[in-house]
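Below: upload14.txt (compact mmCIF, C-alpha atoms)
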```
# COMPACT_ATOMS: atom_id res chain seq x y z
CA MET A 1 0.00 0.00 0.00
CA LYS A 2 1.33 3.45 -0.89
CA PRO A 3 1.92 5.96 1.94
CA THR A 4 -0.74 8.27 0.49
CA SER A 5 -3.22 5.36 0.51
CA SER A 6 -2.46 4.72 4.19
CA VAL A 7 -2.95 8.38 5.07
CA LEU A 8 -6.20 8.50 3.12
CA LEU A 9 -7.44 5.35 4.85
CA LEU A 10 -6.55 6.69 8.32
CA THR A 11 -8.21 10.03 7.55
CA THR A 12 -11.36 8.36 6.28
CA ALA A 13 -11.46 6.06 9.32
CA PHE A 14 -11.12 9.06 11.66
CA TYR A 15 -13.99 10.91 9.99
CA ALA A 16 -16.14 7.78 10.12
CA PHE A 17 -15.37 7.46 13.84
CA TYR A 18 -16.16 11.16 14.34
CA ASP A 19 -19.47 10.95 12.45
CA LEU A 20 -20.52 7.82 14.34
CA HIS A 21 -19.58 8.97 17.85
CA ARG A 22 -19.87 12.75 17.97
CA PRO A 23 -23.68 13.01 18.27
CA ALA A 24 -23.83 10.69 21.30
CA TYR A 25 -20.73 12.23 22.90
CA HIS A 26 -22.21 15.69 22.51
CA ALA A 27 -25.61 14.63 23.88
CA TYR A 28 -23.91 13.04 26.89
CA ALA A 29 -21.85 16.18 27.53
CA VAL A 30 -24.93 18.43 27.21
CA ALA A 31 -26.77 16.23 29.73
CA ARG A 32 -24.00 16.88 32.27
CA LEU A 33 -22.62 20.32 31.41
CA PRO A 34 -23.77 23.77 30.26
CA PRO A 35 -24.03 23.85 26.43
CA GLU A 36 -20.85 25.90 25.88
CA GLU A 37 -18.84 23.63 28.19
CA ALA A 38 -20.24 20.57 26.44
CA MET A 39 -19.26 21.86 23.01
CA LEU A 40 -15.76 22.74 24.21
CA SER A 41 -15.31 19.38 25.91
CA VAL A 42 -16.34 17.41 22.81
CA SER A 43 -14.15 19.56 20.56
CA GLN A 44 -11.16 19.01 22.81
CA LEU A 45 -11.85 15.28 22.93
CA PHE A 46 -11.85 14.96 19.15
CA ASP A 47 -8.68 17.07 18.94
CA LEU A 48 -7.11 14.54 21.32
CA VAL A 49 -8.45 11.60 19.30
CA ALA A 50 -7.20 13.11 16.02
CA SER A 51 -3.76 13.78 17.54
CA ASN A 52 -3.49 10.18 18.73
CA TRP A 53 -5.45 8.47 15.95
CA ILE A 54 -2.64 6.20 14.73
CA VAL A 55 -2.06 4.88 18.28
CA ILE A 56 -5.79 4.63 19.01
CA THR A 57 -6.38 2.49 15.93
CA THR A 58 -3.91 -0.08 17.28
CA LYS A 59 -6.00 -0.57 20.43
CA PRO A 60 -8.43 -3.49 20.62
CA LYS A 61 -11.36 -1.11 21.24
CA PRO A 62 -10.77 2.47 20.06
CA SER A 63 -14.28 3.41 21.16
CA ALA A 64 -13.56 2.31 24.72
CA TRP A 65 -10.41 4.45 24.80
CA ALA A 66 -12.25 7.52 23.52
CA TRP A 67 -15.23 6.98 25.83
CA GLU A 68 -12.95 6.73 28.86
CA GLU A 69 -11.25 10.00 27.90
CA HIS A 70 -14.61 11.64 27.27
CA THR A 71 -16.21 10.62 30.57
CA ARG A 72 -13.05 11.60 32.45
CA ALA A 73 -13.08 15.08 30.88
CA VAL A 74 -16.79 15.59 31.52
CA ALA A 75 -16.37 14.44 35.13
CA ARG A 76 -13.54 16.93 35.61
CA ARG A 77 -15.64 19.74 34.18
CA SER A 78 -18.81 18.80 36.07
CA GLY A 79 -17.10 18.06 39.37
CA ARG A 80 -18.57 14.56 39.64
CA ALA A 81 -17.67 11.26 38.03
CA LEU A 82 -20.50 8.86 37.29
CA THR A 83 -20.17 5.13 37.73
CA PRO A 84 -20.29 2.99 34.59
CA ALA A 85 -23.84 1.96 35.57
CA GLU A 86 -24.90 5.61 35.98
CA ASN A 87 -23.35 6.51 32.61
CA THR A 88 -25.13 3.63 30.93
CA ALA A 89 -28.46 4.58 32.52
CA LEU A 90 -28.02 8.18 31.37
CA LEU A 91 -27.31 7.04 27.81
CA HIS A 92 -30.26 4.65 27.80
CA ASP A 93 -32.91 6.29 29.95
CA GLU A 94 -32.28 9.99 29.31
CA LEU A 95 -30.69 10.03 25.87
CA ARG A 96 -32.75 7.09 24.59
CA LEU A 97 -29.89 5.16 23.03
CA SER A 98 -30.38 1.46 22.39
CA VAL A 99 -28.19 -1.16 24.05
CA GLU A 100 -26.46 -1.76 20.71
CA ARG A 101 -25.80 1.95 20.19
CA ILE A 102 -24.44 2.31 23.73
CA ALA A 103 -22.13 -0.63 23.09
CA THR A 104 -20.86 1.03 19.91
CA VAL A 105 -20.34 4.42 21.57
CA THR A 106 -18.66 3.12 24.73
CA GLY A 107 -16.74 0.20 23.27
CA ALA A 108 -18.46 -2.21 25.67
CA GLU A 109 -20.05 -5.52 24.78
CA PRO A 110 -23.87 -5.46 24.55
CA ALA A 111 -24.02 -7.99 27.43
CA THR A 112 -21.97 -5.61 29.58
CA VAL A 113 -24.31 -2.73 28.72
CA THR A 114 -27.31 -4.87 29.69
CA ALA A 115 -25.67 -5.84 32.99
CA LEU A 116 -24.85 -2.20 33.75
CA LEU A 117 -28.46 -1.19 33.07
CA ALA A 118 -29.67 -3.91 35.42
CA ALA A 119 -27.21 -2.78 38.10
CA SER A 120 -28.39 0.80 37.71
CA ARG A 121 -32.02 -0.23 38.13
CA ARG A 122 -31.21 -2.32 41.21
CA SER A 123 -29.31 0.61 42.66
CA LYS A 124 -32.28 2.95 42.12
CA LYS A 125 -34.67 0.51 43.81
CA CYS A 126 -32.39 0.16 46.84
CA ARG A 127 -31.67 3.88 47.25
CA PRO A 128 -33.56 5.30 50.26
CA SER A 129 -35.17 8.74 50.15
CA ALA A 130 -32.91 11.60 51.17
CA THR A 131 -35.01 12.61 54.15
CA ARG A 132 -38.05 11.34 56.01
CA SER A 133 -40.06 14.35 54.84
CA GLU A 134 -39.43 13.40 51.19
CA ASN A 135 -40.66 9.84 51.73
CA PRO A 136 -44.42 9.61 51.01
CA ALA A 137 -44.79 6.92 53.67
CA TYR A 138 -43.95 9.48 56.33
CA ARG A 139 -46.14 12.35 55.10
CA SER A 140 -49.15 13.17 57.22
CA ALA A 141 -52.56 13.18 55.61
```

With the file now loaded, output its structure as C-alpha cells.
Amino acid sequence: MKPTSSVLLLTTAFYAFYDLHRPAYHAYAVARLPPEEAMLSVSQLFDLVASNWIVITTKPKPSAWAWEEHTRAVARRSGRALTPAENTALLHDELRLSVERIATVTGAEPATVTALLAASRRSKKCRPSATRSENPAYRSA
C-alpha cells in the first residue's frame, strides 16, 4: 500500500469514527454540562483523538479508549464522576440510546451494557429517600 493510501485510509477512518460517535458524545456532555462547556469538551476530545489516531487504531477497542477519555473530561468539568452503571443509565434512559448503540459508543459488549443497566435499576430501587419528609410513607394526611 502506498503511503498516500495509508494516510487517506486513516483520515477516512477518523472521519467515520467522528461521524458515528460525535452526536452521542455531545448529547452526553450536554446532559452533564452547560451547552458551551459541552461543546468545548467534545471539541477538545476529538482534537485529542485526532492527535493520537494512529495509536488509538492499534488498540483493541478504540471506542472504549475515547469513551474513557470523554467521561473523564466531563467528570472533571462537572465536578462529579458517574459510575459505569450511571453513565449507561443516562445514555439509555435519558438520551434514549439502544443497548447496541451504547455498546458502539462506549466500546463495551452489549451484554456488559445490559448488565450495567440492570445494576443501575437495582441501585435505584435500593436507594432510600434523602429525608423522612421526602418519603411519602412518612407524610401526614

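The smallest atom-to-atom distance between A:Val30 and any of A:Leu90, A:Ala81, A:Val99, A:Val105, using all atoms listed in the file, is found for A:Leu90.
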
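Minimum atom-to-atom distances from A:Val7, A:Ala66, A:Val49, A:Leu82 to A:Arg32 were compared using only C-alpha atoms, and the lowest value belongs to A:Leu82.
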
Please write as an mmCIF file with C-alpha atoms, keeping the file's coordinate frame the list of polymer residues whose atoms come within 12 Å of (-11.4, 16.6, 33.2), counting only C-alpha atoms and keeping to the coordinates of the file.
```cif
data_model
loop_
_atom_site.group_PDB
_atom_site.id
_atom_site.type_symbol
_atom_site.label_atom_id
_atom_site.label_comp_id
_atom_site.auth_asym_id
_atom_site.auth_seq_id
_atom_site.Cartn_x
_atom_site.Cartn_y
_atom_site.Cartn_z
ATOM 1 C CA ALA A 29 -21.850 16.180 27.530
ATOM 2 C CA LEU A 33 -22.620 20.320 31.410
ATOM 3 C CA GLU A 37 -18.840 23.630 28.190
ATOM 4 C CA ALA A 38 -20.240 20.570 26.440
ATOM 5 C CA LEU A 40 -15.760 22.740 24.210
ATOM 6 C CA SER A 41 -15.310 19.380 25.910
ATOM 7 C CA VAL A 42 -16.340 17.410 22.810
ATOM 8 C CA GLN A 44 -11.160 19.010 22.810
ATOM 9 C CA LEU A 45 -11.850 15.280 22.930
ATOM 10 C CA GLU A 68 -12.950 6.730 28.860
ATOM 11 C CA GLU A 69 -11.250 10.000 27.900
ATOM 12 C CA HIS A 70 -14.610 11.640 27.270
ATOM 13 C CA THR A 71 -16.210 10.620 30.570
ATOM 14 C CA ARG A 72 -13.050 11.600 32.450
ATOM 15 C CA ALA A 73 -13.080 15.080 30.880
ATOM 16 C CA VAL A 74 -16.790 15.590 31.520
ATOM 17 C CA ALA A 75 -16.370 14.440 35.130
ATOM 18 C CA ARG A 76 -13.540 16.930 35.610
ATOM 19 C CA ARG A 77 -15.640 19.740 34.180
ATOM 20 C CA SER A 78 -18.810 18.800 36.070
ATOM 21 C CA GLY A 79 -17.100 18.060 39.370
ATOM 22 C CA ARG A 80 -18.570 14.560 39.640
ATOM 23 C CA ALA A 81 -17.670 11.260 38.030
#
```

Using only C-alpha atoms, can you list as a count of residues only the residues within 9 Å of (-26.1, 12.6, 26.1)? 16

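With distances restricted to all atoms listed in the file, A:Thr104 is the closest residue to A:Phe17 from A:Ser51, A:Thr104, A:Pro84, A:Glu36.
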
Atoms are missing here; could stretch 88-104 of chain A be completed with N, CA, C and O atoms and written as a PDB file, keeping the file's coordinate frame?
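Output saved as result.pdb:
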```pdb
ATOM      1  N   THR A  88     -24.317   4.451  31.820  1.00  0.00           N
ATOM      2  CA  THR A  88     -25.130   3.630  30.930  1.00  0.00           C
ATOM      3  C   THR A  88     -26.603   3.980  31.078  1.00  0.00           C
ATOM      4  O   THR A  88     -27.323   4.088  30.074  1.00  0.00           O
ATOM      5  N   ALA A  89     -27.064   4.187  32.301  1.00  0.00           N
ATOM      6  CA  ALA A  89     -28.460   4.580  32.520  1.00  0.00           C
ATOM      7  C   ALA A  89     -28.747   5.932  31.882  1.00  0.00           C
ATOM      8  O   ALA A  89     -29.808   6.123  31.269  1.00  0.00           O
ATOM      9  N   LEU A  90     -27.833   6.870  31.993  1.00  0.00           N
ATOM     10  CA  LEU A  90     -28.020   8.180  31.370  1.00  0.00           C
ATOM     11  C   LEU A  90     -28.152   8.024  29.855  1.00  0.00           C
ATOM     12  O   LEU A  90     -29.064   8.593  29.244  1.00  0.00           O
ATOM     13  N   LEU A  91     -27.258   7.255  29.263  1.00  0.00           N
ATOM     14  CA  LEU A  91     -27.310   7.040  27.810  1.00  0.00           C
ATOM     15  C   LEU A  91     -28.609   6.361  27.383  1.00  0.00           C
ATOM     16  O   LEU A  91     -29.206   6.722  26.361  1.00  0.00           O
ATOM     17  N   HIS A  92     -29.068   5.407  28.162  1.00  0.00           N
ATOM     18  CA  HIS A  92     -30.260   4.650  27.800  1.00  0.00           C
ATOM     19  C   HIS A  92     -31.555   5.357  28.176  1.00  0.00           C
ATOM     20  O   HIS A  92     -32.450   5.526  27.353  1.00  0.00           O
ATOM     21  N   ASP A  93     -31.653   5.764  29.434  1.00  0.00           N
ATOM     22  CA  ASP A  93     -32.910   6.290  29.950  1.00  0.00           C
ATOM     23  C   ASP A  93     -33.153   7.756  29.589  1.00  0.00           C
ATOM     24  O   ASP A  93     -34.290   8.135  29.303  1.00  0.00           O
ATOM     25  N   GLU A  94     -32.116   8.561  29.607  1.00  0.00           N
ATOM     26  CA  GLU A  94     -32.280   9.990  29.310  1.00  0.00           C
ATOM     27  C   GLU A  94     -32.053  10.311  27.838  1.00  0.00           C
ATOM     28  O   GLU A  94     -32.785  11.097  27.254  1.00  0.00           O
ATOM     29  N   LEU A  95     -31.021   9.719  27.254  1.00  0.00           N
ATOM     30  CA  LEU A  95     -30.690  10.030  25.870  1.00  0.00           C
ATOM     31  C   LEU A  95     -31.337   9.074  24.879  1.00  0.00           C
ATOM     32  O   LEU A  95     -31.230   9.266  23.672  1.00  0.00           O
ATOM     33  N   ARG A  96     -31.965   8.040  25.402  1.00  0.00           N
ATOM     34  CA  ARG A  96     -32.750   7.090  24.590  1.00  0.00           C
ATOM     35  C   ARG A  96     -31.935   6.327  23.556  1.00  0.00           C
ATOM     36  O   ARG A  96     -32.401   6.036  22.460  1.00  0.00           O
ATOM     37  N   LEU A  97     -30.695   5.982  23.919  1.00  0.00           N
ATOM     38  CA  LEU A  97     -29.890   5.160  23.030  1.00  0.00           C
ATOM     39  C   LEU A  97     -30.184   3.691  23.287  1.00  0.00           C
ATOM     40  O   LEU A  97     -30.401   3.285  24.432  1.00  0.00           O
ATOM     41  N   SER A  98     -30.163   2.901  22.256  1.00  0.00           N
ATOM     42  CA  SER A  98     -30.380   1.460  22.390  1.00  0.00           C
ATOM     43  C   SER A  98     -29.149   0.811  23.021  1.00  0.00           C
ATOM     44  O   SER A  98     -28.055   1.398  23.044  1.00  0.00           O
ATOM     45  N   VAL A  99     -29.324  -0.408  23.481  1.00  0.00           N
ATOM     46  CA  VAL A  99     -28.190  -1.160  24.050  1.00  0.00           C
ATOM     47  C   VAL A  99     -27.087  -1.298  23.013  1.00  0.00           C
ATOM     48  O   VAL A  99     -25.907  -1.108  23.324  1.00  0.00           O
ATOM     49  N   GLU A 100     -27.454  -1.590  21.770  1.00  0.00           N
ATOM     50  CA  GLU A 100     -26.460  -1.760  20.710  1.00  0.00           C
ATOM     51  C   GLU A 100     -25.713  -0.459  20.437  1.00  0.00           C
ATOM     52  O   GLU A 100     -24.504  -0.456  20.247  1.00  0.00           O
ATOM     53  N   ARG A 101     -26.426   0.650  20.434  1.00  0.00           N
ATOM     54  CA  ARG A 101     -25.800   1.950  20.190  1.00  0.00           C
ATOM     55  C   ARG A 101     -24.864   2.322  21.342  1.00  0.00           C
ATOM     56  O   ARG A 101     -23.775   2.841  21.114  1.00  0.00           O
ATOM     57  N   ILE A 102     -25.293   2.053  22.567  1.00  0.00           N
ATOM     58  CA  ILE A 102     -24.440   2.310  23.730  1.00  0.00           C
ATOM     59  C   ILE A 102     -23.170   1.484  23.641  1.00  0.00           C
ATOM     60  O   ILE A 102     -22.072   1.976  23.911  1.00  0.00           O
ATOM     61  N   ALA A 103     -23.304   0.240  23.244  1.00  0.00           N
ATOM     62  CA  ALA A 103     -22.130  -0.630  23.090  1.00  0.00           C
ATOM     63  C   ALA A 103     -21.170  -0.047  22.051  1.00  0.00           C
ATOM     64  O   ALA A 103     -19.952  -0.013  22.263  1.00  0.00           O
ATOM     65  N   THR A 104     -21.695   0.436  20.952  1.00  0.00           N
ATOM     66  CA  THR A 104     -20.860   1.030  19.910  1.00  0.00           C
ATOM     67  C   THR A 104     -20.148   2.280  20.422  1.00  0.00           C
ATOM     68  O   THR A 104     -18.943   2.448  20.234  1.00  0.00           O
TER      69      THR A 104
END
```
